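Enquirer: Hey, dropping start.pdb in here, PDB, C-alpha atoms:
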ATOM      1  CA  MET A  81     107.075  72.791 136.008  1.00  0.00           C
ATOM      2  CA  ASP A  82     108.094  70.546 138.877  1.00  0.00           C
ATOM      3  CA  GLU A  83     105.868  69.101 141.587  1.00  0.00           C
ATOM      4  CA  ALA A  84     106.785  71.730 144.190  1.00  0.00           C
ATOM      5  CA  GLU A  85     105.735  74.531 141.822  1.00  0.00           C
ATOM      6  CA  ILE A  86     102.431  72.802 141.109  1.00  0.00           C
ATOM      7  CA  VAL A  87     101.738  72.370 144.821  1.00  0.00           C
ATOM      8  CA  GLU A  88     102.560  76.030 145.445  1.00  0.00           C
ATOM      9  CA  GLN A  89     100.147  77.104 142.682  1.00  0.00           C
ATOM     10  CA  VAL A  90      97.380  74.950 144.149  1.00  0.00           C
ATOM     11  CA  VAL A  91      97.963  76.365 147.637  1.00  0.00           C
ATOM     12  CA  ARG A  92      98.021  79.924 146.287  1.00  0.00           C
ATOM     13  CA  ALA A  93      94.804  79.309 144.348  1.00  0.00           C
ATOM     14  CA  GLY A  94      93.207  77.889 147.499  1.00  0.00           C
ATOM     15  CA  ARG A  95      94.074  81.025 149.423  1.00  0.00           C
ATOM     16  CA  GLU A  96      92.878  83.345 146.676  1.00  0.00           C
ATOM     17  CA  CYS A  97      89.636  81.406 146.203  1.00  0.00           C
ATOM     18  CA  ARG A  98      88.872  80.577 149.826  1.00  0.00           C
ATOM     19  CA  ASP A  99      85.142  81.407 149.618  1.00  0.00           C
ATOM     20  CA  GLU A 100      84.632  79.283 146.510  1.00  0.00           C
ATOM     21  CA  MET A 101      86.590  76.414 148.054  1.00  0.00           C
ATOM     22  CA  ALA A 102      84.397  76.586 151.179  1.00  0.00           C
ATOM     23  CA  ARG A 103      81.241  76.477 149.032  1.00  0.00           C
ATOM     24  CA  TRP A 104      82.571  73.503 147.084  1.00  0.00           C
ATOM     25  CA  LEU A 105      83.429  71.647 150.297  1.00  0.00           C
ATOM     26  CA  ALA A 106      80.026  72.383 151.848  1.00  0.00           C
ATOM     27  CA  LEU A 107      78.338  70.980 148.749  1.00  0.00           C
ATOM     28  CA  GLU A 108      80.599  67.911 148.877  1.00  0.00           C
ATOM     29  CA  VAL A 109      79.601  67.290 152.500  1.00  0.00           C
ATOM     30  CA  LEU A 110      75.917  67.548 151.595  1.00  0.00           C
ATOM     31  CA  LEU A 111      76.359  65.263 148.592  1.00  0.00           C
ATOM     32  CA  ASN A 112      77.876  62.627 150.879  1.00  0.00           C
ATOM     33  CA  ASP A 113      75.195  62.976 153.541  1.00  0.00           C
ATOM     34  CA  GLU A 114      73.076  59.844 153.794  1.00  0.00           C
ATOM     35  CA  VAL A 115      69.795  61.687 154.394  1.00  0.00           C
ATOM     36  CA  ALA A 116      70.351  64.288 151.685  1.00  0.00           C
ATOM     37  CA  GLY A 117      71.372  61.502 149.296  1.00  0.00           C
ATOM     38  CA  ARG A 118      67.911  59.958 149.527  1.00  0.00           C
ATOM     39  CA  ASP A 119      66.396  62.992 147.785  1.00  0.00           C
ATOM     40  CA  GLU A 120      67.362  62.566 144.139  1.00  0.00           C
ATOM     41  CA  ALA A 121      66.167  66.044 143.136  1.00  0.00           C
ATOM     42  CA  LEU A 122      68.210  67.640 145.905  1.00  0.00           C
ATOM     43  CA  ALA A 123      71.284  65.589 144.984  1.00  0.00           C
ATOM     44  CA  GLU A 124      70.965  66.671 141.350  1.00  0.00           C
ATOM     45  CA  ARG A 125      70.663  70.355 142.315  1.00  0.00           C
ATOM     46  CA  LEU A 126      73.668  70.052 144.628  1.00  0.00           C
ATOM     47  CA  LEU A 127      75.709  68.521 141.806  1.00  0.00           C
ATOM     48  CA  VAL A 128      74.719  71.349 139.475  1.00  0.00           C
ATOM     49  CA  LEU A 129      75.724  73.917 142.077  1.00  0.00           C
ATOM     50  CA  GLN A 130      79.026  72.154 142.688  1.00  0.00           C
ATOM     51  CA  GLU A 131      79.749  72.109 138.939  1.00  0.00           C
ATOM     52  CA  ARG A 132      79.062  75.853 138.781  1.00  0.00           C
ATOM     53  CA  VAL A 133      81.496  76.476 141.613  1.00  0.00           C
ATOM     54  CA  GLU A 134      84.101  74.334 139.811  1.00  0.00           C
ATOM     55  CA  GLU A 135      83.588  76.232 136.551  1.00  0.00           C
ATOM     56  CA  GLY A 136      83.986  79.529 138.373  1.00  0.00           C
ATOM     57  CA  LEU A 137      87.164  78.304 140.047  1.00  0.00           C
ATOM     58  CA  ARG A 138      88.597  77.130 136.723  1.00  0.00           C
ATOM     59  CA  ALA A 139      87.846  80.483 135.132  1.00  0.00           C
ATOM     60  CA  LYS A 140      89.240  82.448 138.062  1.00  0.00           C
ATOM     61  CA  VAL A 141      92.396  80.373 138.477  1.00  0.00           C
ATOM     62  CA  GLY A 142      92.877  80.082 134.726  1.00  0.00           C
ATOM     63  CA  GLY A 143      92.628  83.848 134.395  1.00  0.00           C
ATOM     64  CA  CYS A 144      95.208  84.297 137.150  1.00  0.00           C
ATOM     65  CA  ARG A 145      97.563  81.824 135.477  1.00  0.00           C
ATOM     66  CA  ALA A 146      97.208  83.548 132.119  1.00  0.00           C
ATOM     67  CA  SER A 147      97.843  86.980 133.610  1.00  0.00           C
ATOM     68  CA  ASN A 148     100.966  85.601 135.317  1.00  0.00           C
ATOM     69  CA  GLY A 149     102.238  84.211 132.026  1.00  0.00           C
ATOM     70  CA  VAL A 150     101.714  80.578 133.006  1.00  0.00           C
ATOM     71  CA  GLY A 151     100.165  78.465 130.263  1.00  0.00           C
ATOM     72  CA  ASP A 152      97.139  79.743 128.409  1.00  0.00           C
ATOM     73  CA  GLY A 153      94.947  79.952 131.483  1.00  0.00           C
ATOM     74  CA  ALA A 154      92.796  77.034 130.343  1.00  0.00           C
ATOM     75  CA  ASP A 155      93.850  74.540 132.999  1.00  0.00           C
ATOM     76  CA  ALA A 156      93.639  74.775 136.743  1.00  0.00           C
ATOM     77  CA  PRO A 157      96.887  74.204 138.627  1.00  0.00           C
ATOM     78  CA  GLY A 158      97.851  70.565 138.715  1.00  0.00           C
ATOM     79  CA  THR A 159      95.611  69.568 135.811  1.00  0.00           C
ATOM     80  CA  GLY A 160      97.859  70.202 132.855  1.00  0.00           C
TER      81      GLY A 160
END
Turn this file's structure into C-alpha cells for me.

Expert:
Amino acid sequence: MDEAEIVEQVVRAGRECRDEMARWLALEVLLNDEVAGRDEALAERLLVLQERVEEGLRAKVGGCRASNGVGDGADAPGTG
C-alpha cells in the first residue's frame, strides 16, 4: 500500500467516524488546558475517556478494513 492509499484510508475513516473524532479532539483540548491540568483526578479521567474513544475507533476502523478485505482489521489506517 502506498502513501496516497494510506492517506485516503485515514481521510475516509475520519469521515466515517466524525463523532468519535470530535470527542477525541475535545478530550485532547481539555487535557492540554492549563486549568484542567491542575486537577490530577480530572486529567486521569479524561485520559481514560480518550483511551476508550481510541479503542472504539480502532475497533470500528479495523472492522471496516477487515470487511473491505484490507489486512486483518487489527490495525488502524496508517499504523501497520

Enquirer: If the PyMOL selection byres ((chain A and resi 100-102) around 12) were run on this exact file, what residues would it hold? Put them as a list in words.

Expert: Val90, Val91, Ala93, Gly94, Arg95, Glu96, Cys97, Arg98, Asp99, Arg103, Trp104, Leu105, Ala106, Leu107, Glu108, Val109, Leu129, Gln130, Glu131, Arg132, Val133, Glu134, Glu135, Gly136, Leu137, Arg138, Ala139, Lys140 and Val141 of chain A

Enquirer: Kindly export the residues of the current selection with C-alpha atoms, as a CSV table (one decimal), keeping the file's coordinate frame.

Expert:
chain,number,residue,atom,x,y,z
A,90,VAL,CA,97.4,75.0,144.1
A,91,VAL,CA,98.0,76.4,147.6
A,93,ALA,CA,94.8,79.3,144.3
A,94,GLY,CA,93.2,77.9,147.5
A,95,ARG,CA,94.1,81.0,149.4
A,96,GLU,CA,92.9,83.3,146.7
A,97,CYS,CA,89.6,81.4,146.2
A,98,ARG,CA,88.9,80.6,149.8
A,99,ASP,CA,85.1,81.4,149.6
A,103,ARG,CA,81.2,76.5,149.0
A,104,TRP,CA,82.6,73.5,147.1
A,105,LEU,CA,83.4,71.6,150.3
A,106,ALA,CA,80.0,72.4,151.8
A,107,LEU,CA,78.3,71.0,148.7
A,108,GLU,CA,80.6,67.9,148.9
A,109,VAL,CA,79.6,67.3,152.5
A,129,LEU,CA,75.7,73.9,142.1
A,130,GLN,CA,79.0,72.2,142.7
A,131,GLU,CA,79.7,72.1,138.9
A,132,ARG,CA,79.1,75.9,138.8
A,133,VAL,CA,81.5,76.5,141.6
A,134,GLU,CA,84.1,74.3,139.8
A,135,GLU,CA,83.6,76.2,136.6
A,136,GLY,CA,84.0,79.5,138.4
A,137,LEU,CA,87.2,78.3,140.0
A,138,ARG,CA,88.6,77.1,136.7
A,139,ALA,CA,87.8,80.5,135.1
A,140,LYS,CA,89.2,82.4,138.1
A,141,VAL,CA,92.4,80.4,138.5

Enquirer: Would you mind reading off the distance between CA of Gly142 (chain A) and CA of Leu127 (chain A), one decimal, in Å?

Expert: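 Computing it gives 21.9 Å between the two atoms.
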
Enquirer: Between CA of Ala123 (chain A) and CA of Leu111 (chain A), what distance in Å does the model show, to one decimal?

Expert: 6.2 Å

Enquirer: In Å, how far is it from CA of Val128 (chain A) to CA of Asp113 (chain A)?

Expert: 16.4 Å

Enquirer: Would you compute an axis-aligned box for region 94-97 of chain A, covering every atom listed for it in the file with 5 Å of margin on each side, and report centre and edge lengths in Å to one decimal as AutoDock Vina command-line options?

Expert:
--center_x 91.9 --center_y 80.6 --center_z 147.8 --size_x 14.4 --size_y 15.5 --size_z 13.2
